[in-house]
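Quick look at protein.cif (mmCIF, C-alpha atoms):
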```cif
data_target
loop_
_atom_site.label_atom_id
_atom_site.label_comp_id
_atom_site.auth_asym_id
_atom_site.auth_seq_id
_atom_site.Cartn_x
_atom_site.Cartn_y
_atom_site.Cartn_z
CA MET A 1 -31.07 -8.70 -3.18
CA THR A 2 -31.57 -7.86 0.46
CA GLY A 3 -33.51 -11.04 1.02
CA ARG A 4 -30.87 -13.24 -0.57
CA GLY A 5 -28.09 -11.48 1.27
CA THR A 6 -29.82 -12.00 4.58
CA GLY A 7 -30.48 -15.63 3.76
CA ARG A 8 -26.82 -16.27 3.11
CA ARG A 9 -25.71 -14.65 6.33
CA THR A 10 -28.16 -16.60 8.43
CA GLY A 11 -27.35 -19.73 6.46
CA ARG A 12 -23.77 -19.31 7.54
CA GLY A 13 -24.83 -18.76 11.10
CA THR A 14 -26.87 -21.92 11.40
CA GLY A 15 -23.92 -24.05 10.34
CA GLY A 16 -22.10 -22.63 13.33
CA GLY A 17 -20.63 -25.65 15.10
CA THR A 18 -17.20 -26.84 13.97
CA GLY A 19 -17.51 -29.74 11.60
CA GLY A 20 -21.30 -29.81 11.75
CA GLY A 21 -22.94 -30.49 8.40
CA GLY A 22 -19.83 -31.58 6.50
CA LEU A 23 -19.29 -30.23 3.03
CA ARG A 24 -22.93 -29.22 2.56
CA GLN A 25 -22.44 -26.10 4.61
CA PHE A 26 -19.91 -24.96 1.99
CA ARG A 27 -22.06 -25.87 -1.01
CA TRP A 28 -22.04 -22.30 -2.32
CA GLU A 29 -18.29 -21.89 -2.22
CA ILE A 30 -17.64 -25.34 -3.70
CA GLY A 31 -20.34 -24.94 -6.35
CA VAL A 32 -18.79 -21.69 -7.53
CA TRP A 33 -15.36 -23.35 -7.64
CA LEU A 34 -16.75 -26.20 -9.78
CA ALA A 35 -18.27 -23.67 -12.15
CA LEU A 36 -14.95 -21.79 -12.33
CA ILE A 37 -13.01 -24.96 -13.16
CA LEU A 38 -15.57 -25.96 -15.81
CA LEU A 39 -15.36 -22.50 -17.36
CA MET A 40 -11.57 -22.72 -17.33
CA GLY A 41 -11.75 -26.08 -19.11
CA ALA A 42 -14.12 -24.59 -21.66
CA THR A 43 -11.74 -21.65 -22.19
CA LEU A 44 -8.82 -24.02 -22.76
CA GLY A 45 -10.79 -26.35 -25.07
CA LEU A 46 -12.33 -23.60 -27.20
CA ALA A 47 -8.90 -22.04 -27.73
CA TYR A 48 -8.00 -25.07 -29.87
CA LEU A 49 -11.15 -24.91 -32.02
CA PRO A 50 -10.58 -22.79 -35.11
CA MET A 51 -13.30 -20.14 -34.86
CA GLY A 52 -11.50 -17.13 -36.31
CA ALA A 53 -12.65 -13.99 -34.56
CA GLY A 54 -14.81 -16.22 -32.38
CA ASN A 55 -11.73 -17.40 -30.46
CA PRO A 56 -10.89 -14.13 -28.71
CA ALA A 57 -14.61 -13.39 -28.31
CA ALA A 58 -15.24 -16.72 -26.58
CA ALA A 59 -12.13 -16.35 -24.40
CA LEU A 60 -13.22 -12.89 -23.24
CA ALA A 61 -16.82 -13.95 -22.64
CA LEU A 62 -15.71 -16.91 -20.52
CA ALA A 63 -13.21 -14.74 -18.60
CA LEU A 64 -16.01 -12.25 -17.87
CA ALA A 65 -18.20 -15.09 -16.60
CA LYS A 66 -15.42 -16.22 -14.26
CA LEU A 67 -14.85 -12.65 -13.08
CA LEU A 68 -18.57 -12.30 -12.28
CA LEU A 69 -18.58 -15.54 -10.28
CA VAL A 70 -15.54 -14.45 -8.25
CA ALA A 71 -16.82 -10.91 -7.67
CA VAL A 72 -20.43 -11.78 -6.87
CA PHE A 73 -19.85 -14.87 -4.69
CA TYR A 74 -16.28 -14.94 -3.38
CA MET A 75 -16.03 -11.16 -3.00
CA HIS A 76 -19.54 -11.14 -1.52
CA LEU A 77 -20.95 -8.44 -3.78
CA ARG A 78 -24.28 -10.25 -3.74
CA SER A 79 -24.68 -9.57 -0.04
CA SER A 80 -22.71 -6.36 0.38
CA ARG A 81 -24.12 -2.92 0.95
CA PRO A 82 -24.93 -0.57 -1.93
CA VAL A 83 -22.04 1.74 -1.05
CA VAL A 84 -19.59 -1.15 -1.42
CA ARG A 85 -21.13 -2.20 -4.72
CA LEU A 86 -20.87 1.39 -5.89
CA ALA A 87 -17.14 1.49 -5.08
CA ALA A 88 -16.67 -1.82 -6.91
CA ALA A 89 -18.55 -0.52 -9.95
CA THR A 90 -16.46 2.67 -10.07
CA GLY A 91 -13.32 0.85 -11.19
CA LEU A 92 -15.19 -1.04 -13.91
CA VAL A 93 -16.99 2.06 -15.17
CA PHE A 94 -13.73 3.92 -15.67
CA LEU A 95 -12.12 0.84 -17.22
CA VAL A 96 -14.95 0.75 -19.75
CA ALA A 97 -14.41 4.46 -20.44
CA LEU A 98 -10.68 3.84 -20.95
CA PHE A 99 -11.35 1.00 -23.39
CA ALA A 100 -14.22 2.70 -25.21
CA LEU A 101 -12.35 5.95 -25.88
CA THR A 102 -9.08 4.20 -26.78
CA LEU A 103 -10.67 1.64 -29.07
CA ALA A 104 -12.89 4.24 -30.73
CA ASP A 105 -9.66 5.82 -31.92
CA VAL A 106 -7.75 2.63 -32.65
CA LEU A 107 -10.55 0.87 -34.51
CA PHE A 108 -11.95 3.74 -36.54
CA ARG A 109 -9.24 6.33 -37.06
CA LEU A 110 -5.78 4.78 -36.83
CA PRO A 111 -6.13 1.85 -39.28
CA ALA A 112 -5.83 4.32 -42.16
CA ALA A 113 -2.48 5.45 -40.78
CA TRP A 114 -1.26 1.86 -40.37
CA GLN A 115 -1.67 1.02 -44.07
CA MET B 1 -26.84 2.85 7.98
CA SER B 2 -29.97 1.50 9.56
CA SER B 3 -31.58 0.38 6.31
CA ARG B 4 -29.86 -3.00 6.33
CA PRO B 5 -28.76 -3.76 9.85
CA ASP B 6 -28.64 -7.44 8.98
CA SER B 7 -25.69 -6.95 6.64
CA ILE B 8 -23.38 -7.76 9.51
CA ARG B 9 -24.38 -10.85 11.44
CA PRO B 10 -25.47 -9.83 14.90
CA ASP B 11 -23.59 -12.70 16.53
CA SER B 12 -20.36 -11.56 14.97
CA ILE B 13 -20.47 -8.52 17.20
CA ARG B 14 -18.81 -10.02 20.19
CA ALA B 15 -17.76 -8.46 23.41
CA ASP B 16 -14.25 -9.80 22.95
CA SER B 17 -13.64 -8.31 19.53
CA ILE B 18 -11.67 -5.16 19.09
CA ARG B 19 -13.29 -1.96 17.93
CA ALA B 20 -11.14 1.03 17.08
CA GLY B 21 -12.16 4.06 19.14
CA HIS B 22 -13.05 6.29 16.22
CA PHE B 23 -15.84 3.99 15.04
CA PRO B 24 -19.18 4.22 16.84
CA ASP B 25 -19.82 0.50 16.42
CA LEU B 26 -18.28 -2.64 14.98
CA PRO B 27 -20.52 -2.93 11.88
CA ARG B 28 -19.41 0.54 10.81
CA GLN B 29 -15.77 -0.35 11.35
CA ARG B 30 -16.30 -3.46 9.29
CA LEU B 31 -18.00 -1.54 6.51
CA ALA B 32 -15.19 1.03 6.44
CA GLY B 33 -12.65 -1.76 6.04
CA GLU B 34 -14.52 -3.37 3.16
CA LEU B 35 -15.21 -0.06 1.47
CA GLY B 36 -11.60 1.04 1.81
CA MET B 37 -10.34 -2.13 0.14
CA TRP B 38 -12.84 -1.81 -2.70
CA VAL B 39 -11.80 1.80 -3.33
CA PHE B 40 -8.19 0.64 -3.46
CA LEU B 41 -9.16 -2.21 -5.80
CA ALA B 42 -10.87 0.30 -8.10
CA THR B 43 -7.51 2.03 -8.53
CA GLU B 44 -5.90 -1.36 -9.08
CA ILE B 45 -8.42 -2.12 -11.84
CA LEU B 46 -7.25 1.02 -13.62
CA PHE B 47 -3.59 0.22 -12.94
CA PHE B 48 -3.92 -3.15 -14.69
CA GLY B 49 -6.42 -1.58 -17.09
CA GLY B 50 -3.66 0.50 -18.66
CA LEU B 51 -1.69 -2.66 -19.42
CA PHE B 52 -4.76 -4.44 -20.80
CA THR B 53 -5.59 -1.43 -22.99
CA GLY B 54 -2.04 -1.30 -24.35
CA TYR B 55 -2.20 -5.02 -25.04
CA ALA B 56 -5.51 -4.59 -26.92
CA VAL B 57 -4.10 -1.77 -29.06
CA TYR B 58 -0.98 -3.70 -30.07
CA ARG B 59 -2.93 -6.88 -30.70
CA LEU B 60 -5.31 -4.99 -32.99
CA GLN B 61 -2.38 -3.36 -34.74
CA TYR B 62 -0.26 -6.52 -35.14
CA PRO B 63 -2.70 -9.46 -35.02
CA ASP B 64 -0.43 -11.91 -36.86
CA ALA B 65 2.72 -11.14 -34.87
CA VAL B 66 0.85 -11.48 -31.56
CA THR B 67 -0.61 -14.82 -32.67
CA GLU B 68 2.82 -16.02 -33.71
CA ALA B 69 4.59 -14.86 -30.54
CA ALA B 70 1.89 -16.08 -28.13
CA ARG B 71 2.37 -19.67 -29.34
CA HIS B 72 5.73 -19.69 -27.55
CA THR B 73 4.16 -19.42 -24.09
CA ASP B 74 3.72 -22.61 -22.06
CA VAL B 75 0.02 -23.60 -22.07
CA LEU B 76 0.50 -26.42 -19.57
CA LEU B 77 2.19 -24.29 -16.91
CA GLY B 78 -0.25 -21.42 -17.52
CA SER B 79 -3.21 -23.79 -17.10
CA VAL B 80 -1.76 -25.36 -13.96
CA ASN B 81 -1.32 -21.90 -12.47
CA THR B 82 -4.88 -20.93 -13.38
CA PHE B 83 -6.12 -24.03 -11.58
CA LEU B 84 -3.95 -23.27 -8.52
CA LEU B 85 -5.23 -19.70 -8.29
CA LEU B 86 -8.91 -20.57 -8.75
CA THR B 87 -8.59 -23.22 -6.05
CA SER B 88 -6.74 -20.86 -3.70
CA SER B 89 -9.65 -18.43 -4.08
CA LEU B 90 -12.01 -21.22 -3.02
CA LEU B 91 -9.90 -21.84 0.10
CA VAL B 92 -9.85 -18.14 0.98
CA ALA B 93 -13.63 -17.97 0.55
CA LEU B 94 -13.95 -21.01 2.83
CA ALA B 95 -11.64 -19.45 5.43
CA VAL B 96 -13.76 -16.28 5.45
CA ALA B 97 -16.92 -18.41 5.79
CA CYS B 98 -15.40 -20.06 8.88
CA GLN B 99 -14.02 -17.02 10.64
CA ASP B 100 -16.97 -16.48 12.95
CA ARG B 101 -17.00 -20.02 14.32
CA PRO B 102 -16.11 -20.77 17.90
CA GLY B 103 -12.94 -22.56 16.83
CA LEU B 104 -10.56 -21.05 14.30
CA ARG B 105 -8.77 -24.30 13.44
CA LEU B 106 -10.69 -24.93 10.22
CA CYS B 107 -10.31 -21.30 9.22
CA ARG B 108 -6.53 -21.49 9.62
CA LEU B 109 -6.43 -24.79 7.76
CA PHE B 110 -8.17 -23.28 4.73
CA LEU B 111 -6.03 -20.15 4.88
CA GLY B 112 -2.85 -22.20 5.13
CA GLY B 113 -3.93 -24.18 2.08
CA ALA B 114 -4.52 -20.98 0.13
CA ILE B 115 -1.05 -19.71 1.07
CA ALA B 116 0.50 -23.01 -0.02
CA LEU B 117 -1.26 -22.81 -3.40
CA GLY B 118 -0.12 -19.19 -3.79
CA LEU B 119 3.48 -20.25 -3.16
CA GLY B 120 2.98 -23.09 -5.61
CA PHE B 121 1.83 -20.58 -8.22
CA LEU B 122 5.01 -18.53 -7.75
CA ALA B 123 7.16 -21.67 -7.93
CA VAL B 124 5.55 -22.69 -11.24
CA LYS B 125 5.99 -19.15 -12.52
CA ALA B 126 9.68 -19.24 -11.58
CA VAL B 127 10.16 -22.50 -13.51
CA GLU B 128 8.37 -20.95 -16.45
CA TYR B 129 10.41 -17.72 -16.34
CA HIS B 130 13.58 -19.81 -16.23
CA ALA B 131 12.55 -21.68 -19.39
CA ASP B 132 11.46 -18.42 -21.09
CA LEU B 133 14.88 -16.90 -20.44
CA ALA B 134 16.65 -20.02 -21.70
CA GLU B 135 14.59 -19.87 -24.91
CA GLY B 136 15.25 -16.16 -25.35
CA LEU B 137 11.56 -15.22 -25.14
CA VAL B 138 12.40 -11.68 -24.07
CA PRO B 139 11.89 -8.21 -25.54
CA TRP B 140 15.41 -7.03 -24.73
CA PRO B 141 18.73 -7.68 -26.56
CA GLY B 142 19.60 -11.37 -26.76
CA SER B 143 16.05 -12.20 -27.77
CA SER B 144 15.45 -15.18 -30.04
CA LEU B 145 12.44 -13.38 -31.53
CA PRO B 146 12.59 -11.25 -34.67
CA PRO B 147 12.81 -7.52 -33.88
CA GLY B 148 9.44 -5.76 -33.88
CA PRO B 149 5.95 -6.66 -32.77
CA GLN B 150 6.73 -10.22 -31.63
CA ARG B 151 9.09 -8.77 -29.03
CA LEU B 152 6.34 -6.31 -28.11
CA PHE B 153 4.09 -9.22 -27.17
CA PHE B 154 6.75 -10.49 -24.81
CA ALA B 155 7.21 -7.00 -23.38
CA PHE B 156 3.54 -7.26 -22.36
CA TYR B 157 4.02 -10.85 -21.21
CA TRP B 158 6.84 -9.92 -18.83
CA ALA B 159 5.27 -6.67 -17.63
CA MET B 160 1.83 -8.17 -16.99
CA THR B 161 2.92 -11.44 -15.40
CA GLY B 162 5.68 -9.63 -13.49
CA VAL B 163 3.35 -7.04 -11.99
CA HIS B 164 0.89 -9.84 -11.26
CA ALA B 165 3.61 -11.85 -9.49
CA VAL B 166 4.43 -8.82 -7.33
CA HIS B 167 0.74 -8.66 -6.39
CA MET B 168 0.81 -12.38 -5.63
CA THR B 169 3.74 -11.83 -3.30
CA VAL B 170 1.90 -9.04 -1.49
CA GLY B 171 -1.21 -11.24 -1.32
CA ILE B 172 0.71 -14.16 0.17
CA ALA B 173 2.26 -11.81 2.76
CA LEU B 174 -1.22 -10.47 3.64
CA LEU B 175 -2.69 -13.97 4.01
CA GLY B 176 0.35 -15.02 6.05
CA TRP B 177 -0.18 -12.05 8.36
CA MET B 178 -3.83 -13.04 8.87
CA PHE B 179 -2.79 -16.69 9.34
CA ARG B 180 -0.50 -15.63 12.18
CA ASP B 181 -3.06 -13.28 13.75
CA LEU B 182 -5.76 -15.96 13.73
CA ARG B 183 -3.63 -17.75 16.29
CA ALA B 184 -1.73 -14.90 17.95
CA ARG B 185 -4.51 -12.30 18.14
CA PRO B 186 -7.83 -14.10 17.65
CA LYS B 187 -9.73 -11.33 19.41
CA LEU B 188 -8.66 -8.91 16.71
CA MET B 189 -9.97 -11.21 13.99
CA ARG B 190 -13.42 -11.87 15.40
CA GLY B 191 -16.12 -9.62 14.06
CA THR B 192 -13.69 -7.34 12.26
CA ALA B 193 -13.28 -7.32 8.48
CA ARG B 194 -9.54 -8.07 8.48
CA LEU B 195 -9.68 -11.55 7.00
CA GLU B 196 -12.40 -10.61 4.55
CA VAL B 197 -10.47 -7.53 3.38
CA ALA B 198 -7.31 -9.59 2.82
CA GLY B 199 -9.49 -12.06 0.95
CA LEU B 200 -10.88 -9.33 -1.31
CA TYR B 201 -7.32 -8.47 -2.37
CA TRP B 202 -6.57 -12.14 -3.04
CA HIS B 203 -9.69 -12.61 -5.17
CA PHE B 204 -8.79 -9.49 -7.14
CA VAL B 205 -5.33 -10.86 -7.96
CA ASP B 206 -7.03 -14.09 -9.00
CA ALA B 207 -9.44 -12.15 -11.23
CA VAL B 208 -6.54 -10.41 -12.99
CA TRP B 209 -5.02 -13.80 -13.80
CA ILE B 210 -8.40 -15.00 -15.14
CA PHE B 211 -7.86 -12.45 -17.92
CA LEU B 212 -4.10 -12.89 -18.34
CA TYR B 213 -4.56 -16.62 -18.93
CA PRO B 214 -6.46 -16.43 -22.25
CA LEU B 215 -4.68 -13.26 -23.42
CA LEU B 216 -1.13 -14.59 -22.94
CA TYR B 217 -1.42 -18.37 -23.12
CA LEU B 218 -4.34 -19.25 -25.37
CA VAL B 219 -3.85 -16.95 -28.36
CA GLY B 220 -3.20 -18.61 -31.71
CA ARG B 221 -3.64 -22.18 -30.50
CA ALA B 222 -6.33 -23.01 -33.07
CA GLN B 223 -4.14 -22.36 -36.12
#
```

Here is the file; what I need is its structure written in the form of structure tokens.
Amino acid sequence: MTGRGTGRRTGRGTGGGTGGGGLRQFRWEIGVWLALILLMGATLGLAYLPMGAGNPAAALALALAKLLLVAVFYMHLRSSRPVVRLAAATGLVFLVALFALTLADVLFRLPAAWQ
Amino acid sequence: MSSRPDSIRPDSIRADSIRAGHFPDLPRQRLAGELGMWVFLATEILFFGGLFTGYAVYRLQYPDAVTEAARHTDVLLGSVNTFLLLTSSLLVALAVACQDRPGLRLCRLFLGGAIALGLGFLAVKAVEYHADLAEGLVPWPGSSLPPGPQRLFFAFYWAMTGVHAVHMTVGIALLGWMFRDLRARPKLMRGTARLEVAGLYWHFVDAVWIFLYPLLYLVGRAQ
């Protein structure tokens, strides 16, 4: 990770002059955007394919993929320090706890009461 | 601190940048800014997390009603807004990538574009809200939906998109502030984490929408 992070920083530095290098100097940012738009198209298209329970599963999986792209590249988690990554992970860890404990109840205990 | 001194580009530490007195050096000030925003975003994840959890519970409890109600949302406008937000995130990322250049023109251009797309998002949302109100897609009295779980879906729709729109407004104000400072106080922007920290907030608001889009607009389209 350290190596890649360093590479990105220096990569940015070498493209220093204004306008030098054209769009190539932004290939990372633009590549991630293309991937995001493709994933969005896939999300939209798959929503119209009847897949039963596969529909929400596919939608969530694709949303997670987009989230990862944004967090790792645009929010620079791939080159940020461990303490920053730790802070970022904290929110997700507690979100998982919130979902896990709530859904454990909703999926396995409450359905009997809903009948 | 010394394990990864390369984390901040050495040439971004410039004599003309502004370091607050209580930080020993600029990299540490920069790290504190980034870390502070991430800690705040962790609380934001849980803030939205409560809404997402509630949504999940009601969708599991009333799958058919949610499917039925969600078909009333406007897929076209929701998709356009998703595209606008994803593209605005690209522009913010580009602005951050340009902030350490000798000239800040390109940086401001990208940031201005991101602000314009953010305003476009809010304009589309306003059009959509207007149509929703006209169709009675509301959880309160005067609703065109049958009483019960279908109205619950729209309670989530209004709460989630409304809270998101408030965050968008804050994000646009933050980016606008940075846009002004890039011209008015360029010394304050060089080498500090201000633009990057504002960008982190913007990307977070984008990430929330990435989940709202399938949950509110794409449910029940296959039937």

- atom CA of B:Leu119 to atom CA of B:Phe153, straight-line distance in Å: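 We find that atom CA of B:Phe153 and atom CA of B:Leu119 lie 26.4 Å from each other.
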
Give me, as a tab-separated table, the closest atom pair and its distance (Å, one decimal) for every residue of stretch 191-211 of chain B within a cut-off of 12 Å of stretch 43-59 of chain B, counting all atoms listed in the file, rows sorted by chain and rising number.
```
residue	atom	partner	partner_atom	distance
B:Tyr201	CA	B:Glu44	CA	9.9
B:Phe204	CA	B:Ile45	CA	8.7
B:Val205	CA	B:Glu44	CA	9.6
B:Ala207	CA	B:Ile45	CA	10.1
B:Val208	CA	B:Phe48	CA	7.9
B:Trp209	CA	B:Phe48	CA	10.7
B:Phe211	CA	B:Phe52	CA	9.1
```

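The space separating atom CA of A:Leu23 from atom CA of B:Leu90 comes to 13.1 Å.
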
- Task: Counting all atoms listed in the file, collect the residues of chain B whose closest atom lies at most 6 Å from chain A, and write them out as a PyMOL selection string.
- Result: chain B and resi 35+38-39+42+45+93+101+200+207+210-211+218+221-222

- Residue with smallest distance to B:Thr82 - pool A:Ala104, A:Leu77, A:Leu39, A:Ala97, counting all atoms listed in the file: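 With all atoms listed in the file as the atom set, the closest residue is A:Leu39.
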
- Can you give me, as an NGL selection string, the residues this file yields under the PyMOL selection byres ((chain B and resi 180-196) around 9)? (:A and (75)) or (:B and (8-9 or 11-14 or 16-19 or 26-27 or 29-34 or 92-93 or 95-96 or 99-101 or 104-105 or 107-108 or 175-179 or 197-201))

- For atom CA of B:Leu76 and atom CA of B:Leu216, quote the distance in Å rounded to one decimal.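 Separation between atom CA of B:Leu76 and atom CA of B:Leu216: 12.4 Å.
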
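Each of B:Leu117, B:Leu215, B:Leu109, B:Ala131 was checked against B:Ala70 using only C-alpha atoms; the smallest atom-to-atom distance is that of B:Leu215.
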
- Using only C-alpha atoms, pick whichever of B:Gly220, B:Pro102, B:Ala165, B:Met160 has the shortest atom-to-atom distance to A:Ala53.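 Selected residue with least distance to A:Ala53: B:Gly220.
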